[in-house]
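Source file: data.cif (mmCIF, C-alpha atoms)
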data_start
#
loop_
_atom_site.label_atom_id
_atom_site.label_comp_id
_atom_site.auth_asym_id
_atom_site.auth_seq_id
_atom_site.Cartn_x
_atom_site.Cartn_y
_atom_site.Cartn_z
CA MET X 1097 45.24 135.39 70.82
CA LYS X 1098 48.99 135.87 71.32
CA CYS X 1099 51.18 135.91 68.20
CA VAL X 1100 54.86 136.29 67.38
CA ILE X 1101 55.63 138.51 64.39
CA SER X 1102 59.06 138.61 62.73
CA VAL X 1103 60.19 141.22 60.22
CA LEU X 1104 63.40 140.92 58.21
CA GLY X 1105 64.69 142.93 55.29
CA LYS X 1106 66.91 145.70 54.04
CA ASP X 1107 66.82 148.60 56.48
CA ARG X 1108 64.81 151.65 55.45
CA SER X 1109 62.76 154.27 57.21
CA GLY X 1110 59.13 153.56 57.99
CA ILE X 1111 59.22 149.80 58.66
CA VAL X 1112 58.24 150.00 62.33
CA ALA X 1113 55.61 152.65 61.56
CA ALA X 1114 54.00 150.66 58.74
CA VAL X 1115 53.84 147.42 60.71
CA SER X 1116 52.53 149.22 63.80
CA VAL X 1117 49.82 151.05 61.84
CA ALA X 1118 48.69 147.81 60.17
CA LEU X 1119 48.46 146.08 63.54
CA ALA X 1120 46.56 149.01 65.08
CA GLU X 1121 44.10 148.99 62.18
CA CYS X 1122 43.47 145.31 62.93
CA GLY X 1123 42.93 146.01 66.62
CA ALA X 1124 46.12 144.24 67.68
CA ASN X 1125 48.24 145.31 70.63
CA ILE X 1126 52.05 145.19 70.67
CA ASP X 1127 52.97 143.60 74.00
CA ASP X 1128 56.74 143.47 73.50
CA ILE X 1129 59.14 144.42 70.73
CA SER X 1130 62.81 143.90 69.95
CA GLN X 1131 64.59 145.29 66.92
CA THR X 1132 68.12 145.59 65.67
CA ILE X 1133 70.09 146.59 62.61
CA LEU X 1134 72.61 144.00 61.39
CA GLY X 1135 74.73 145.82 58.85
CA GLU X 1136 72.12 146.87 56.31
CA MET X 1137 69.55 144.33 57.48
CA PHE X 1138 66.63 145.24 59.73
CA SER X 1139 65.35 142.59 62.13
CA MET X 1140 62.35 142.92 64.44
CA THR X 1141 60.41 140.50 66.61
CA MET X 1142 57.12 141.42 68.26
CA LEU X 1143 54.84 139.68 70.72
CA THR X 1144 51.29 140.81 70.00
CA THR X 1145 47.77 140.18 71.20
CA LEU X 1146 45.17 139.99 68.45
CA ASP X 1147 41.60 141.14 69.03
CA THR X 1148 39.97 138.33 67.06
CA GLU X 1149 36.60 140.09 67.21
CA LYS X 1150 38.10 142.89 65.08
CA ALA X 1151 40.38 140.81 62.85
CA ASP X 1152 41.12 137.10 62.95
CA PHE X 1153 44.56 135.56 62.43
CA ASN X 1154 44.10 135.19 58.66
CA ALA X 1155 42.99 138.81 58.23
CA VAL X 1156 46.03 140.08 60.14
CA GLN X 1157 48.30 137.76 58.14
CA GLU X 1158 46.89 139.12 54.86
CA ARG X 1159 47.26 142.73 56.03
CA LEU X 1160 50.87 142.13 57.06
CA GLY X 1161 51.50 140.42 53.72
CA ALA X 1162 50.42 143.59 51.94
CA VAL X 1163 52.74 145.66 54.16
CA ALA X 1164 55.61 143.26 53.43
CA SER X 1165 55.06 143.66 49.68
CA ASP X 1166 54.93 147.45 49.96
CA LEU X 1167 58.14 147.62 52.02
CA GLY X 1168 60.07 144.82 50.32
CA VAL X 1169 60.57 142.92 53.57
CA GLN X 1170 59.62 139.48 54.88
CA ILE X 1171 56.96 139.41 57.61
CA THR X 1172 56.04 136.17 59.37
CA ILE X 1173 53.24 135.78 61.91
CA GLN X 1174 52.86 132.68 64.08
CA ARG X 1175 50.44 131.82 66.84
CA GLU X 1176 52.39 131.87 70.10
CA ASP X 1177 51.27 128.36 71.07
CA VAL X 1178 52.58 126.96 67.76
CA PHE X 1179 55.79 128.97 68.14
CA GLN X 1180 56.32 127.62 71.68
CA PHE X 1181 55.50 124.05 70.61
CA MET X 1182 58.14 124.14 67.84
CA TYR X 1183 60.87 124.67 70.40
CA LYS X 1184 59.72 121.86 72.70
CA ILE X 1185 60.35 119.20 70.07
#
The structure in this file should be written as structure tokens.
Amino acid sequence: MKCVISVLGKDRSGIVAAVSVALAECGANIDDISQTILGEMFSMTMLTTLDTEKADFNAVQERLGAVASDLGVQITIQREDVFQFMYKI
């Protein structure tokens, strides 16, 4: 299952590492990634493929929620088909 993950928050070291480790632990693959620093704000968007046999969407969402709490950032995960549909309306 393809998903779009967005991360936004105050820039600090370790954000990319923490999100990447969490995804790897869930068996997800990062297909594409874009990140930038806007002043003191960190912004990252990832296209990922989830291995739903290892961790389903809800499990990955919960894991990323824990990472977001630890880092003090906002992490949003959306199924790619829902994400694409939103922009067709």
Kindly resolve the PyMOL selection byres ((chain X and resi 1155) around 12) on the present coordinates and return the residues as a list in words.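 After applying the PyMOL selection byres ((chain X and resi 1155) around 12), what remains is Ala1118, Leu1119, Glu1121, Cys1122, Gly1123, Ala1124, Leu1146, Asp1147, Thr1148, Glu1149, Lys1150, Ala1151, Asp1152, Phe1153, Asn1154, Val1156, Gln1157, Glu1158, Arg1159, Leu1160, Gly1161, Ala1162 and Ile1173 of chain X.
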Can you pull out every residue within 10 Å of Ala1114 in chain X, counting all atoms listed in the file, but drop anything in the same chain fewer than 5 positions away, and send it as a list in words? Ser1109, Leu1119, Ala1120, Leu1160, Val1163, Ala1164, Asp1166 and Leu1167 of chain X
Separation of CA of Ser1116 in chain X and CA of Met1097 in chain X, in Å? 17.1 Å
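One finds CA of Val1178 in chain X at 26.4 Å from CA of Met1137 in chain X.
Between Thr1144 in chain X and the residues X:Asp1127, X:Thr1132, X:Ile1171, X:Arg1108, the shortest atom-to-atom distance, using all atoms listed in the file, involves X:Asp1127.
Between CA of Gln1174 in chain X and CA of Gln1131 in chain X the interatomic distance comes to 17.5 Å.
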Can you list what the PyMOL selection byres ((chain X and resi 1101) around 6) grabs from this structure, as a PyMOL selection string? chain X and resi 1100+1102+1141-1142+1172-1173
If you apply the PyMOL selection byres ((chain X and resi 1169) around 8) to this file, what residues do you get, as a PyMOL selection string? chain X and resi 1103-1106+1164-1165+1167-1168+1170-1171
Working from the structure I just supplied, which lacks atoms in range 1147-1158 of chain X, can you model N, CA and C atoms there and output them as a compact mmCIF listing (two decimals), in the coordinates of the input?
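Below is the file that was written, result_33.txt:
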# COMPACT_ATOMS: atom_id res chain seq x y z
N ASP X 1147 43.01 141.05 68.65
CA ASP X 1147 41.60 141.14 69.03
C ASP X 1147 40.84 140.42 67.92
N THR X 1148 40.57 139.14 68.12
CA THR X 1148 39.97 138.33 67.06
C THR X 1148 38.53 138.74 66.73
N GLU X 1149 37.92 139.57 67.56
CA GLU X 1149 36.60 140.09 67.21
C GLU X 1149 36.71 141.18 66.15
N LYS X 1150 37.87 141.86 66.10
CA LYS X 1150 38.10 142.89 65.08
C LYS X 1150 38.71 142.30 63.82
N ALA X 1151 39.70 141.42 64.00
CA ALA X 1151 40.38 140.81 62.85
C ALA X 1151 40.95 139.47 63.30
N ASP X 1152 40.60 138.41 62.59
CA ASP X 1152 41.12 137.10 62.95
C ASP X 1152 42.56 136.94 62.44
N PHE X 1153 43.18 135.82 62.79
CA PHE X 1153 44.56 135.56 62.43
C PHE X 1153 44.80 135.72 60.93
N ASN X 1154 43.93 135.13 60.11
CA ASN X 1154 44.10 135.19 58.66
C ASN X 1154 44.02 136.60 58.12
N ALA X 1155 43.12 137.41 58.67
CA ALA X 1155 42.99 138.81 58.23
C ALA X 1155 44.25 139.59 58.56
N VAL X 1156 44.79 139.39 59.75
CA VAL X 1156 46.03 140.08 60.14
C VAL X 1156 47.18 139.61 59.27
N GLN X 1157 47.24 138.31 59.00
CA GLN X 1157 48.30 137.76 58.14
C GLN X 1157 48.24 138.38 56.74
N GLU X 1158 47.05 138.51 56.19
CA GLU X 1158 46.89 139.12 54.86
C GLU X 1158 47.31 140.58 54.88
